[in-house]
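See below for the structure under consideration.
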Amino acid sequence: MPTKYRLLVKNASQVVVICSNGEKYLQKDAVQNLCVVDNGSVVIGCDGLIKAVGPSDDVQAEYPEELFEKVIDATGMCVIPGLVDAHTHPVWAGDRVHEFAMKLAGASYMDVHRAGGGIHFTVEHTRAAAAPDLLASLTARLGRMLRAGSTLVECKSGYGLELETEVKMLEVIEKARRSLPINISSTYCGAHAVPRGKTVAEATEDVLRVQLPALRRRITAGDLRVDNIDVFCERGVFDLDATRAILQAGRDMGLHINFHGDELHPMNSAQLGAELGALAISHLEEVTDEGIAAMATAKTAAVLLPTTAYILRLPQPRARAMLEAGLIVALGSDFNPNAYCCSMPLVMHLACVNMRMTMPEALVGATINAAYALGRSDTHGSLEAGKHGDLVVLNCRRWEHLIYQLGGHHEVIRYVIIKGSVVHDNDHTLAF
């Protein structure tokens with residue numbers, strides 16, 4: 001009998017579907033009530049899409065094993081959706097390990113920035129780097145993220161601050177998107193900092209009159225796919241007026257608004273994002289109650305980044321207040337030279353301990369809600385028929401072990417699967 005399906009994952013102790021009625025996001029009480037199938041199976045077709053999820057007896061009665069190219073017996077294991085990392089800066093040259101020592105000695109983020117470090121240090125090295133070298137390092141970093149369970153990753157530019165390097169970074173992201181199995185959401189972040197020697201007004205004008213028109217031409221020609229536009233809205237960086245102008249211009253090009261806001265100072269970025277119909281705002285350590293209410297009304301996702309607050313010793317984002325107000329709360333690693341973390345399981349653990357999120361809230365934040373923050377929740381973030389067959393098989397009987405075992409994801413994750421193909425097989429049977 002010819003095969004008709006790509007993959008059957010059968011007999012899992014738990015299949016964590018997340019949601020099962022086509023929800024684009026989860027909020028309030030729905031976050032606590034995850035859809036979980038006990039003793040479940042998942043069917044993925046040759047097109048890489050999920051065909052069926054349900055109790056193993058029902059699924060296997062309808063889909064005999066001989067119809068499949070591959071069968072995974074997940075007895076004693078769990079299945080969850082592939083994790084979604086909603087905020088990363090993975091294209092850069094020149095690490096900043098020396099700055100970590102400065103921060104441990106008490107220097108703030110802006111202290112490092114004013115001393116010529118931070119973003120400007122990375123900009124100098126990224127401008128000088130060859131595209132093949134940037135692609136090689138990006139490939140390695142995405143590989144680490146994939147092995148930690150991430151199957152969809154947002155990737156920003158932002159270490160060029162001028163057209164040539166910003167385009168170089170976006171071209172590197174595009175090459176990775178076309179050549180690697182991991183799914184990528186590409187973000188233009190040319191307004192990540194004000195370049196040395198320029199004023200905010202001059203930098204804003206360059207983005208509006210030079211960089212965005214050039215990107216529009218490349219996107220229209222089909223050379224680049226860019227999904228989102230980002231601005232670092234912060235005191236001493238881009239103010240509200242500059243941020244508004246840049247985000248509106250990106251929106252007019254068809255880009256999703258997804259930007260840094262209210263991180264170090266209460267800038268009223270949340271209110272601005274809600275007014276502009278932003279898909280998501282990241283950081284929000286200093287968001288006001290009014291900003292939270294505005295985002296909840298606008299259905300603008302809050303992308304919280306536990307690693308940043310942890311490393312910079314900032315106040316933790318007020319996740320509980322956001323959740324109780326009905327915000328759509330997502331999570332991201334904020335992978336960058338300042339916060340070198342490739343692991344969404346670690347991010348979820350920090351979210352639970354430091355931001356007092358529950359484990360279901362953290363998993364939702366790293367799946368369906370993170371997919372929503374990237375405009376992808378129609379195809380990613382839950383295990384529903386018709387969505388991409390992206391999933392993680394865990395070598396444990398309860399899914400919570402992925403969060404509970406601090407730093408243990410290398411042992412907990414057994415398989416990472418993208419569109420029904422096993423892209424990481426973590427076989428420990430030969431250990432010792």
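Residues are named by chain letter and number: chains run A, B, ... in the order of the structure tokens, numbers start at 1 in each chain, and ligands are numbered from 1 in the order shown.
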Each region 233-351 of chain A residue no farther than 8 Å from region 93-117 of chain A, nearest pair in Å, only C-alpha atoms, as a tab-separated table:
residue	atom	partner	partner_atom	distance
A:Leu312	CA	A:Tyr109	CA	6.8
A:Pro337	CA	A:Arg96	CA	5.7
A:Asn338	CA	A:Arg96	CA	6.7
Could you write out that same residue set with N, CA, C and O atoms as a CSV table (one decimal), in the first residue's frame?
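See part.csv below for the written result:
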chain,number,residue,atom,x,y,z
A,312,LEU,N,19.7,42.5,33.2
A,312,LEU,CA,19.9,43.9,33.5
A,312,LEU,C,19.5,44.3,34.9
A,312,LEU,O,19.6,45.5,35.3
A,337,PRO,N,23.4,40.1,21.8
A,337,PRO,CA,24.7,40.1,22.5
A,337,PRO,C,24.6,40.5,24.0
A,337,PRO,O,25.5,40.2,24.8
A,338,ASN,N,23.5,41.2,24.4
A,338,ASN,CA,23.3,41.6,25.8
A,338,ASN,C,22.6,40.5,26.6
A,338,ASN,O,22.9,40.3,27.8
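Shell of region 249-253 of chain A at 8 Å, with only C-alpha atoms counted and residues fewer than 2 places along the chain excluded, is Leu208, Leu212, Arg216, Asn228, Ile229, Ala245, Ile246, Leu247, Leu255, His256 and Ile257 of chain A.
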Non-local contacts of His260 (chain A) (7 Å; only C-alpha atoms; under 3 positions in same chain excluded) as a ChimeraX atom specification: /A:230-233,281-283
What is the distance, in Å and to one decimal place, between CA of Val207 (chain A) and CA of Gly332 (chain A)? 25.7 Å
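Picture a line from CA of Ile413 (chain A) to CA of Leu67 (chain A); it runs 26.5 Å.
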What are the DSSP helix (DSSP H, G or I) residues of region 146-269 of chain A, as a ChimeraX atom specification? /A:146-147,163-179,200-221,240-252,269
I'd like the neighbourhood of region 186-193 of chain A as a short mmCIF file (atom, residue, chain, number, x, y, z; two decimals) with all heavy atoms, in the first residue's frame, where a residue qualifies if any of its atoms comes within 10 Å (using only C-alpha atoms), though same-chain residues fewer than 5 positions away should be ignored.
data_model
loop_
_atom_site.label_atom_id
_atom_site.label_comp_id
_atom_site.auth_asym_id
_atom_site.auth_seq_id
_atom_site.Cartn_x
_atom_site.Cartn_y
_atom_site.Cartn_z
N HIS A 87 10.74 37.19 19.91
CA HIS A 87 11.60 38.39 19.91
C HIS A 87 13.06 37.97 19.99
O HIS A 87 13.53 37.51 21.04
CB HIS A 87 11.25 39.28 21.12
CG HIS A 87 11.98 40.58 21.18
ND1 HIS A 87 11.33 41.80 21.20
CD2 HIS A 87 13.31 40.87 21.24
CE1 HIS A 87 12.23 42.78 21.29
NE2 HIS A 87 13.43 42.24 21.31
N THR A 88 13.80 38.11 18.88
CA THR A 88 15.23 37.83 18.90
C THR A 88 15.98 38.82 18.00
O THR A 88 15.42 39.38 17.06
CB THR A 88 15.59 36.41 18.42
OG1 THR A 88 15.63 36.34 16.99
CG2 THR A 88 14.61 35.37 18.96
N HIS A 89 17.26 38.98 18.32
CA HIS A 89 18.22 39.76 17.51
C HIS A 89 19.38 38.82 17.17
O HIS A 89 20.46 38.91 17.77
CB HIS A 89 18.75 40.96 18.30
CG HIS A 89 17.72 41.90 18.82
ND1 HIS A 89 17.46 43.11 18.23
CD2 HIS A 89 16.90 41.83 19.91
CE1 HIS A 89 16.53 43.76 18.92
NE2 HIS A 89 16.17 42.99 19.94
N HIS A 113 25.72 51.94 27.18
CA HIS A 113 25.39 52.58 25.91
C HIS A 113 26.15 53.90 25.76
O HIS A 113 26.78 54.16 24.73
CB HIS A 113 23.88 52.82 25.87
CG HIS A 113 23.34 53.31 24.57
ND1 HIS A 113 23.16 52.48 23.48
CD2 HIS A 113 22.94 54.54 24.17
CE1 HIS A 113 22.66 53.18 22.47
NE2 HIS A 113 22.53 54.44 22.88
N ILE A 119 24.59 48.61 21.82
CA ILE A 119 24.22 48.49 20.41
C ILE A 119 25.32 49.04 19.50
O ILE A 119 25.65 48.43 18.48
CB ILE A 119 22.88 49.21 20.16
CG1 ILE A 119 21.74 48.45 20.85
CG2 ILE A 119 22.60 49.34 18.67
CD1 ILE A 119 20.41 49.16 20.81
N HIS A 120 25.94 50.17 19.88
CA HIS A 120 26.93 50.79 18.99
C HIS A 120 28.16 49.90 18.81
O HIS A 120 28.75 49.87 17.72
CB HIS A 120 27.33 52.16 19.52
CG HIS A 120 26.25 53.18 19.40
ND1 HIS A 120 25.65 53.49 18.20
CD2 HIS A 120 25.62 53.95 20.33
CE1 HIS A 120 24.72 54.41 18.38
NE2 HIS A 120 24.68 54.71 19.67
N VAL A 123 27.04 47.35 16.33
CA VAL A 123 26.89 47.97 15.01
C VAL A 123 28.24 48.04 14.31
O VAL A 123 28.36 47.70 13.11
CB VAL A 123 26.26 49.37 15.15
CG1 VAL A 123 26.40 50.16 13.85
CG2 VAL A 123 24.79 49.25 15.53
N VAL A 153 10.77 31.43 14.80
CA VAL A 153 11.59 32.44 15.49
C VAL A 153 11.46 33.77 14.75
O VAL A 153 11.61 33.83 13.53
CB VAL A 153 13.07 32.01 15.55
CG1 VAL A 153 13.92 33.10 16.19
CG2 VAL A 153 13.23 30.70 16.31
N GLU A 154 11.19 34.83 15.50
CA GLU A 154 11.25 36.19 14.95
C GLU A 154 12.70 36.62 14.92
O GLU A 154 13.42 36.46 15.92
CB GLU A 154 10.41 37.12 15.82
CG GLU A 154 10.28 38.53 15.27
CD GLU A 154 11.24 39.53 15.93
OE1 GLU A 154 12.10 39.09 16.74
OE2 GLU A 154 11.13 40.72 15.65
N CYS A 155 13.16 37.16 13.78
CA CYS A 155 14.56 37.57 13.60
C CYS A 155 14.62 39.02 13.15
O CYS A 155 14.06 39.36 12.10
CB CYS A 155 15.26 36.70 12.55
SG CYS A 155 15.35 34.95 12.97
N LYS A 156 15.32 39.87 13.92
CA LYS A 156 15.39 41.29 13.62
C LYS A 156 16.70 41.67 12.95
O LYS A 156 17.75 41.07 13.21
CB LYS A 156 15.28 42.11 14.92
CG LYS A 156 14.03 41.88 15.73
CD LYS A 156 14.05 42.74 16.99
CE LYS A 156 12.92 42.36 17.94
NZ LYS A 156 11.59 42.68 17.41
N SER A 157 16.64 42.73 12.14
CA SER A 157 17.85 43.45 11.77
C SER A 157 18.08 44.46 12.90
O SER A 157 17.59 44.28 14.00
CB SER A 157 17.67 44.14 10.41
OG SER A 157 16.75 45.21 10.50
N GLY A 158 18.84 45.54 12.65
CA GLY A 158 18.96 46.56 13.68
C GLY A 158 20.36 46.85 14.17
O GLY A 158 20.54 47.70 15.05
N TYR A 159 21.36 46.16 13.61
CA TYR A 159 22.75 46.45 13.98
C TYR A 159 23.51 47.05 12.80
O TYR A 159 24.73 46.88 12.67
CB TYR A 159 23.44 45.20 14.51
CG TYR A 159 22.90 44.73 15.82
CD1 TYR A 159 22.38 43.44 15.97
CD2 TYR A 159 22.87 45.56 16.94
CE1 TYR A 159 21.87 42.99 17.18
CE2 TYR A 159 22.36 45.13 18.14
CZ TYR A 159 21.86 43.84 18.27
OH TYR A 159 21.35 43.41 19.47
N GLY A 160 22.77 47.75 11.94
CA GLY A 160 23.39 48.47 10.83
C GLY A 160 23.17 49.96 11.00
O GLY A 160 24.09 50.76 10.91
N LEU A 161 21.90 50.33 11.22
CA LEU A 161 21.49 51.72 11.40
C LEU A 161 21.74 52.57 10.17
O LEU A 161 21.67 53.79 10.24
CB LEU A 161 22.16 52.35 12.64
CG LEU A 161 22.09 51.53 13.94
CD1 LEU A 161 22.72 52.31 15.08
CD2 LEU A 161 20.66 51.14 14.27
N GLU A 162 22.05 51.93 9.07
CA GLU A 162 22.13 52.60 7.76
C GLU A 162 21.75 51.56 6.72
O GLU A 162 21.75 50.36 6.99
CB GLU A 162 23.52 53.21 7.50
CG GLU A 162 24.70 52.37 7.94
CD GLU A 162 25.04 51.23 7.01
OE1 GLU A 162 24.54 51.22 5.87
OE2 GLU A 162 25.80 50.34 7.40
N LEU A 163 21.42 52.02 5.52
CA LEU A 163 20.78 51.17 4.54
C LEU A 163 21.60 49.93 4.19
O LEU A 163 21.08 48.81 4.19
CB LEU A 163 20.48 51.97 3.26
CG LEU A 163 19.86 51.18 2.11
CD1 LEU A 163 18.51 50.59 2.53
CD2 LEU A 163 19.70 52.08 0.89
N THR A 165 23.94 48.10 5.62
CA THR A 165 24.06 47.00 6.58
C THR A 165 22.70 46.44 6.97
O THR A 165 22.56 45.23 7.18
CB THR A 165 24.83 47.45 7.83
OG1 THR A 165 26.07 48.03 7.43
CG2 THR A 165 25.13 46.27 8.74
N GLU A 166 21.70 47.30 7.06
CA GLU A 166 20.36 46.79 7.36
C GLU A 166 19.89 45.83 6.26
O GLU A 166 19.34 44.77 6.55
CB GLU A 166 19.37 47.95 7.52
CG GLU A 166 19.55 48.77 8.78
CD GLU A 166 19.30 47.99 10.05
OE1 GLU A 166 18.31 47.23 10.10
OE2 GLU A 166 20.09 48.13 11.00
N VAL A 167 20.14 46.18 5.02
CA VAL A 167 19.78 45.29 3.91
C VAL A 167 20.61 44.02 3.96
O VAL A 167 20.09 42.92 3.73
CB VAL A 167 19.95 46.02 2.56
CG1 VAL A 167 19.86 45.02 1.40
CG2 VAL A 167 18.89 47.10 2.40
N MET A 169 21.75 42.53 6.58
CA MET A 169 21.19 41.68 7.63
C MET A 169 19.89 41.03 7.18
O MET A 169 19.67 39.83 7.42
CB MET A 169 20.95 42.52 8.89
CG MET A 169 22.21 43.06 9.54
SD MET A 169 21.85 44.04 11.01
CE MET A 169 21.34 42.76 12.15
N LEU A 170 19.03 41.80 6.53
CA LEU A 170 17.76 41.23 6.06
C LEU A 170 17.99 40.18 4.97
O LEU A 170 17.25 39.19 4.89
CB LEU A 170 16.84 42.34 5.56
CG LEU A 170 16.30 43.27 6.66
CD1 LEU A 170 15.63 44.49 6.04
CD2 LEU A 170 15.33 42.54 7.58
N ILE A 173 18.95 37.04 6.79
CA ILE A 173 17.74 36.41 7.34
C ILE A 173 16.95 35.72 6.24
O ILE A 173 16.45 34.60 6.43
CB ILE A 173 16.89 37.47 8.07
CG1 ILE A 173 17.62 37.98 9.32
CG2 ILE A 173 15.52 36.90 8.44
CD1 ILE A 173 16.98 39.21 9.94
N GLU A 174 16.85 36.35 5.07
CA GLU A 174 16.13 35.76 3.95
C GLU A 174 16.78 34.47 3.48
O GLU A 174 16.09 33.47 3.20
CB GLU A 174 16.03 36.76 2.80
CG GLU A 174 15.28 36.26 1.59
CD GLU A 174 13.79 36.08 1.83
OE1 GLU A 174 13.28 36.55 2.88
OE2 GLU A 174 13.14 35.45 0.99
N ARG A 177 15.94 31.83 5.94
CA ARG A 177 14.53 31.44 5.81
C ARG A 177 14.34 30.46 4.66
O ARG A 177 13.55 29.52 4.75
CB ARG A 177 13.66 32.67 5.59
CG ARG A 177 12.16 32.40 5.59
CD ARG A 177 11.33 33.66 5.37
NE ARG A 177 11.50 34.17 4.01
CZ ARG A 177 10.86 33.71 2.95
NH1 ARG A 177 10.04 32.69 3.07
NH2 ARG A 177 11.06 34.24 1.76
N VAL A 200 18.23 62.60 16.49
CA VAL A 200 17.03 61.77 16.34
C VAL A 200 16.29 62.16 15.06
O VAL A 200 15.84 61.29 14.30
CB VAL A 200 16.11 61.93 17.56
CG1 VAL A 200 14.79 61.22 17.32
CG2 VAL A 200 16.78 61.39 18.81
N ALA A 203 18.21 60.78 12.06
CA ALA A 203 18.07 59.33 11.96
C ALA A 203 16.67 58.94 11.49
O ALA A 203 16.51 58.03 10.66
CB ALA A 203 18.36 58.69 13.32
N THR A 204 15.67 59.64 12.00
CA THR A 204 14.29 59.37 11.58
C THR A 204 14.11 59.66 10.10
O THR A 204 13.48 58.87 9.36
CB THR A 204 13.32 60.22 12.40
OG1 THR A 204 13.51 59.93 13.80
CG2 THR A 204 11.87 59.95 12.01
N ASP A 206 16.39 59.55 7.80
CA ASP A 206 17.09 58.52 7.02
C ASP A 206 16.23 57.26 6.89
O ASP A 206 16.16 56.65 5.82
CB ASP A 206 18.43 58.20 7.68
CG ASP A 206 19.23 57.19 6.87
OD1 ASP A 206 19.65 57.53 5.74
OD2 ASP A 206 19.43 56.05 7.35
N VAL A 207 15.61 56.85 7.99
CA VAL A 207 14.74 55.68 7.94
C VAL A 207 13.57 55.92 6.99
O VAL A 207 13.24 55.06 6.16
CB VAL A 207 14.24 55.33 9.35
CG1 VAL A 207 13.13 54.27 9.28
CG2 VAL A 207 15.38 54.82 10.22
N GLN A 211 15.90 54.39 3.89
CA GLN A 211 15.85 52.96 4.16
C GLN A 211 14.52 52.32 3.78
O GLN A 211 14.48 51.31 3.06
CB GLN A 211 16.17 52.70 5.64
CG GLN A 211 17.59 53.11 6.03
CD GLN A 211 17.95 52.66 7.43
OE1 GLN A 211 17.63 51.56 7.86
NE2 GLN A 211 18.65 53.53 8.17
N LEU A 212 13.42 52.87 4.25
CA LEU A 212 12.13 52.25 3.96
C LEU A 212 11.78 52.24 2.47
O LEU A 212 11.30 51.22 1.95
CB LEU A 212 11.02 52.90 4.78
CG LEU A 212 10.96 52.49 6.25
CD1 LEU A 212 9.89 53.28 6.99
CD2 LEU A 212 10.72 51.00 6.41
N LEU A 215 13.72 49.41 0.96
CA LEU A 215 13.15 48.12 1.35
C LEU A 215 11.87 47.84 0.57
O LEU A 215 11.64 46.70 0.14
CB LEU A 215 12.85 48.10 2.84
CG LEU A 215 14.02 47.90 3.79
CD1 LEU A 215 13.52 47.79 5.22
CD2 LEU A 215 14.83 46.67 3.43
N LEU A 224 13.17 40.17 -1.02
CA LEU A 224 13.13 40.06 0.43
C LEU A 224 11.70 39.86 0.89
O LEU A 224 10.77 40.42 0.31
CB LEU A 224 13.67 41.34 1.10
CG LEU A 224 15.16 41.65 1.04
CD1 LEU A 224 15.42 43.00 1.68
CD2 LEU A 224 15.97 40.56 1.73
N ARG A 225 11.56 39.08 1.95
CA ARG A 225 10.29 39.02 2.66
C ARG A 225 10.53 39.65 4.03
O ARG A 225 11.37 39.17 4.79
CB ARG A 225 9.80 37.59 2.82
CG ARG A 225 8.59 37.50 3.75
CD ARG A 225 8.05 36.10 3.85
NE ARG A 225 7.05 36.02 4.92
CZ ARG A 225 6.33 34.93 5.18
NH1 ARG A 225 6.49 33.84 4.44
NH2 ARG A 225 5.47 34.93 6.18
N VAL A 226 9.84 40.72 4.32
CA VAL A 226 9.92 41.37 5.63
C VAL A 226 8.51 41.42 6.18
O VAL A 226 7.57 41.86 5.51
CB VAL A 226 10.53 42.79 5.53
CG1 VAL A 226 10.63 43.42 6.91
CG2 VAL A 226 11.90 42.73 4.86
N ASP A 227 8.35 40.96 7.42
CA ASP A 227 7.02 40.82 8.00
C ASP A 227 6.64 41.94 8.95
O ASP A 227 5.46 42.30 9.04
CB ASP A 227 6.93 39.48 8.76
CG ASP A 227 7.26 38.29 7.88
OD1 ASP A 227 6.48 38.01 6.96
OD2 ASP A 227 8.31 37.65 8.10
N ASN A 228 7.63 42.46 9.69
CA ASN A 228 7.33 43.37 10.79
C ASN A 228 8.24 44.59 10.76
O ASN A 228 9.34 44.55 10.20
CB ASN A 228 7.54 42.66 12.14
CG ASN A 228 6.99 41.26 12.16
OD1 ASN A 228 5.78 41.06 12.11
ND2 ASN A 228 7.87 40.26 12.20
N ILE A 229 7.82 45.67 11.43
CA ILE A 229 8.66 46.84 11.63
C ILE A 229 8.78 47.11 13.12
O ILE A 229 7.80 47.01 13.87
CB ILE A 229 8.13 48.08 10.89
CG1 ILE A 229 9.13 49.24 11.02
CG2 ILE A 229 6.73 48.48 11.35
CD1 ILE A 229 8.93 50.34 10.00
N ASP A 230 10.01 47.47 13.54
CA ASP A 230 10.32 47.66 14.95
C ASP A 230 11.06 48.98 15.14
O ASP A 230 11.83 49.40 14.27
CB ASP A 230 11.19 46.49 15.43
CG ASP A 230 11.36 46.42 16.94
OD1 ASP A 230 10.92 47.34 17.64
OD2 ASP A 230 11.96 45.43 17.40
N VAL A 231 10.83 49.62 16.27
CA VAL A 231 11.52 50.84 16.68
C VAL A 231 11.81 50.72 18.17
O VAL A 231 10.97 50.20 18.92
CB VAL A 231 10.65 52.10 16.43
CG1 VAL A 231 11.36 53.36 16.94
CG2 VAL A 231 10.31 52.26 14.96
N PHE A 232 12.98 51.18 18.61
CA PHE A 232 13.28 51.24 20.04
C PHE A 232 12.80 52.59 20.55
O PHE A 232 13.48 53.61 20.42
CB PHE A 232 14.79 51.07 20.26
CG PHE A 232 15.20 50.94 21.72
CD1 PHE A 232 14.27 50.75 22.72
CD2 PHE A 232 16.54 51.00 22.06
CE1 PHE A 232 14.66 50.63 24.05
CE2 PHE A 232 16.94 50.89 23.38
CZ PHE A 232 16.01 50.70 24.38
N CYS A 233 11.59 52.59 21.10
CA CYS A 233 10.99 53.82 21.63
C CYS A 233 11.45 53.98 23.07
O CYS A 233 10.98 53.27 23.97
CB CYS A 233 9.46 53.72 21.54
SG CYS A 233 8.60 55.21 22.10
N GLU A 234 12.36 54.93 23.28
CA GLU A 234 12.98 55.06 24.60
C GLU A 234 13.58 56.44 24.76
O GLU A 234 13.98 57.07 23.77
CB GLU A 234 14.06 53.98 24.79
CG GLU A 234 14.73 53.96 26.14
CD GLU A 234 13.75 53.87 27.29
OE1 GLU A 234 13.08 52.82 27.43
OE2 GLU A 234 13.63 54.86 28.04
N GLY A 236 16.20 59.15 25.08
CA GLY A 236 17.56 59.16 24.57
C GLY A 236 17.74 58.35 23.30
O GLY A 236 18.84 58.30 22.75
N VAL A 237 16.67 57.72 22.82
CA VAL A 237 16.75 56.94 21.57
C VAL A 237 15.68 57.55 20.64
O VAL A 237 15.84 58.69 20.20
CB VAL A 237 16.55 55.43 21.82
CG1 VAL A 237 16.93 54.62 20.57
CG2 VAL A 237 17.42 54.96 23.00
N PHE A 238 14.60 56.87 20.33
CA PHE A 238 13.54 57.43 19.48
C PHE A 238 12.35 57.81 20.35
O PHE A 238 11.80 56.96 21.07
CB PHE A 238 13.14 56.44 18.38
CG PHE A 238 14.20 56.27 17.33
CD1 PHE A 238 15.18 55.29 17.47
CD2 PHE A 238 14.24 57.10 16.22
CE1 PHE A 238 16.17 55.14 16.52
CE2 PHE A 238 15.23 56.96 15.26
CZ PHE A 238 16.20 55.98 15.41
N ALA A 242 8.93 60.45 16.72
CA ALA A 242 9.74 59.73 15.74
C ALA A 242 9.23 58.30 15.58
O ALA A 242 9.12 57.77 14.46
CB ALA A 242 11.20 59.74 16.16
N THR A 243 8.91 57.68 16.70
CA THR A 243 8.41 56.30 16.66
C THR A 243 7.11 56.22 15.87
O THR A 243 6.92 55.33 15.03
CB THR A 243 8.19 55.78 18.09
OG1 THR A 243 9.45 55.79 18.79
CG2 THR A 243 7.63 54.37 18.08
N ILE A 246 7.76 56.50 12.03
CA ILE A 246 8.38 55.32 11.44
C ILE A 246 7.40 54.14 11.41
O ILE A 246 7.29 53.44 10.40
CB ILE A 246 9.67 54.96 12.21
CG1 ILE A 246 10.72 56.05 12.02
CG2 ILE A 246 10.21 53.61 11.74
CD1 ILE A 246 11.91 55.93 12.95
N LEU A 247 6.70 53.93 12.51
CA LEU A 247 5.76 52.80 12.54
C LEU A 247 4.62 53.00 11.55
O LEU A 247 4.20 52.04 10.89
CB LEU A 247 5.20 52.63 13.96
CG LEU A 247 6.21 52.20 15.03
CD1 LEU A 247 5.53 52.10 16.38
CD2 LEU A 247 6.87 50.87 14.67
N GLY A 250 5.92 52.13 8.12
CA GLY A 250 6.01 50.68 7.94
C GLY A 250 4.65 50.04 7.75
O GLY A 250 4.48 49.15 6.91
N LEU A 255 3.62 46.21 6.68
CA LEU A 255 4.35 45.52 7.74
C LEU A 255 3.56 45.55 9.04
O LEU A 255 2.88 46.53 9.35
CB LEU A 255 5.72 46.17 7.96
CG LEU A 255 6.64 46.27 6.74
CD1 LEU A 255 7.95 46.94 7.12
CD2 LEU A 255 6.90 44.89 6.13
N HIS A 256 3.67 44.47 9.81
CA HIS A 256 3.07 44.45 11.14
C HIS A 256 3.88 45.35 12.06
O HIS A 256 5.11 45.34 12.04
CB HIS A 256 3.08 43.03 11.72
CG HIS A 256 2.22 42.05 10.99
ND1 HIS A 256 0.89 42.26 10.74
CD2 HIS A 256 2.52 40.83 10.46
CE1 HIS A 256 0.39 41.22 10.10
NE2 HIS A 256 1.36 40.34 9.91
N ILE A 257 3.19 46.10 12.91
CA ILE A 257 3.87 46.91 13.92
C ILE A 257 4.15 46.03 15.13
O ILE A 257 3.24 45.44 15.73
CB ILE A 257 3.01 48.13 14.33
CG1 ILE A 257 2.84 49.08 13.14
CG2 ILE A 257 3.64 48.85 15.52
CD1 ILE A 257 1.94 50.26 13.42
N ASN A 258 5.43 45.95 15.49
CA ASN A 258 5.88 45.04 16.54
C ASN A 258 7.16 45.66 17.11
O ASN A 258 8.24 45.46 16.57
CB ASN A 258 6.13 43.65 15.94
CG ASN A 258 6.40 42.60 16.98
OD1 ASN A 258 6.95 42.87 18.03
ND2 ASN A 258 6.03 41.36 16.68
N PHE A 259 7.05 46.43 18.19
CA PHE A 259 8.18 47.28 18.56
C PHE A 259 8.53 47.23 20.05
O PHE A 259 7.77 46.73 20.87
CB PHE A 259 7.92 48.72 18.12
CG PHE A 259 6.86 49.48 18.89
CD1 PHE A 259 7.20 50.51 19.75
CD2 PHE A 259 5.51 49.19 18.73
CE1 PHE A 259 6.24 51.22 20.44
CE2 PHE A 259 4.53 49.90 19.42
CZ PHE A 259 4.89 50.91 20.28
N HIS A 260 9.74 47.78 20.37
CA HIS A 260 10.23 47.90 21.74
C HIS A 260 9.55 49.10 22.41
O HIS A 260 9.63 50.21 21.89
CB HIS A 260 11.73 48.18 21.76
CG HIS A 260 12.62 47.10 21.26
ND1 HIS A 260 12.57 46.59 19.99
CD2 HIS A 260 13.66 46.46 21.88
CE1 HIS A 260 13.52 45.67 19.85
NE2 HIS A 260 14.19 45.57 20.98
N LEU A 374 3.22 37.42 16.11
CA LEU A 374 3.90 37.45 14.82
C LEU A 374 2.92 37.33 13.65
O LEU A 374 3.35 37.19 12.50
CB LEU A 374 4.93 36.31 14.74
CG LEU A 374 6.01 36.33 15.83
CD1 LEU A 374 6.93 35.13 15.68
CD2 LEU A 374 6.81 37.64 15.79
#
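Non-sequential neighbours of Arg244 (chain A) (distance at most 9 Å, separation of 3 or more positions within a chain, only C-alpha atoms) are Asp239, Leu240, Asp241, Leu247, Gln248, Ala249, Leu272, Gly273 and Leu276 of chain A.
From CA of Ser179 (chain A) back to CA of Pro90 (chain A), the distance works out to 16.2 Å.
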Identify, on the basis of only C-alpha atoms, every residue whose closest approach to Val329 (chain A) does not exceed 10 Å; exclude the query and any residue fewer than 3 positions from it along the same chain; express the result as a list of chain:residue names.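 Counting only C-alpha atoms, the residues come to A:Tyr25, A:Leu26, A:Gln27, A:Lys28, A:Val31, A:Ala280, A:Ala296, A:Thr300, A:Ala301, A:Ala302, A:Val303, A:Leu304, A:Ala319, A:Arg320, A:Met322, A:Leu323, A:Gly326, A:Glu361, A:Ala362, A:Val364, A:Gly365, A:Ala366, A:Ile368, A:Asn369, A:Ala370, A:Tyr372, A:Ala373.
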Residue neighbourhood Leu135 (chain A), 8 Å, only C-alpha atoms, exclusion window fewer than 5 positions, as a compact mmCIF listing (two decimals) with N, CA, C and O atoms, in the first residue's frame:
# COMPACT_ATOMS: atom_id res chain seq x y z
N VAL A 91 21.26 38.26 14.32
CA VAL A 91 22.24 38.53 13.26
C VAL A 91 23.18 39.63 13.75
O VAL A 91 22.80 40.79 13.83
N VAL A 172 20.60 38.22 4.85
CA VAL A 172 21.06 37.04 5.59
C VAL A 172 19.88 36.30 6.20
O VAL A 172 19.79 35.06 6.12
N ILE A 173 18.95 37.04 6.79
CA ILE A 173 17.74 36.41 7.34
C ILE A 173 16.95 35.72 6.24
O ILE A 173 16.45 34.60 6.43
N LYS A 175 18.11 34.46 3.41
CA LYS A 175 18.81 33.23 3.01
C LYS A 175 18.56 32.11 4.01
O LYS A 175 18.37 30.94 3.63
N ALA A 176 18.57 32.45 5.29
CA ALA A 176 18.29 31.45 6.31
C ALA A 176 16.86 30.94 6.17
O ALA A 176 16.60 29.73 6.28
Select from region 23-133 of chain A every residue with an atom at most 12 Å from any atom of region 418-424 of chain A, then for each give the shortest pair of atoms and their distance in Å to one decimal, using only C-alpha atoms, rows by chain and rising number, as a Markdown table.
| residue | atom | partner | partner_atom | distance |
| --- | --- | --- | --- | --- |
| A:Val42 | CA | A:Gly420 | CA | 10.0 |
| A:Val43 | CA | A:Gly420 | CA | 8.6 |
| A:Ile44 | CA | A:Gly420 | CA | 5.6 |
| A:Gly45 | CA | A:Gly420 | CA | 7.3 |
| A:Cys46 | CA | A:Gly420 | CA | 7.7 |
| A:Asp47 | CA | A:Lys419 | CA | 7.6 |
| A:Gly48 | CA | A:Lys419 | CA | 4.0 |
| A:Leu49 | CA | A:Lys419 | CA | 6.2 |
| A:Ile50 | CA | A:Gly420 | CA | 8.2 |
| A:Lys51 | CA | A:Gly420 | CA | 10.7 |
| A:Phe68 | CA | A:Gly420 | CA | 10.9 |
| A:Glu69 | CA | A:Gly420 | CA | 10.0 |
| A:Lys70 | CA | A:Ser421 | CA | 9.0 |
| A:Val71 | CA | A:Gly420 | CA | 10.6 |
| A:Ile72 | CA | A:Val422 | CA | 10.0 |
| A:Pro81 | CA | A:Ile418 | CA | 10.0 |
| A:Gly82 | CA | A:Ile418 | CA | 7.8 |
| A:Leu83 | CA | A:Ile418 | CA | 10.9 |
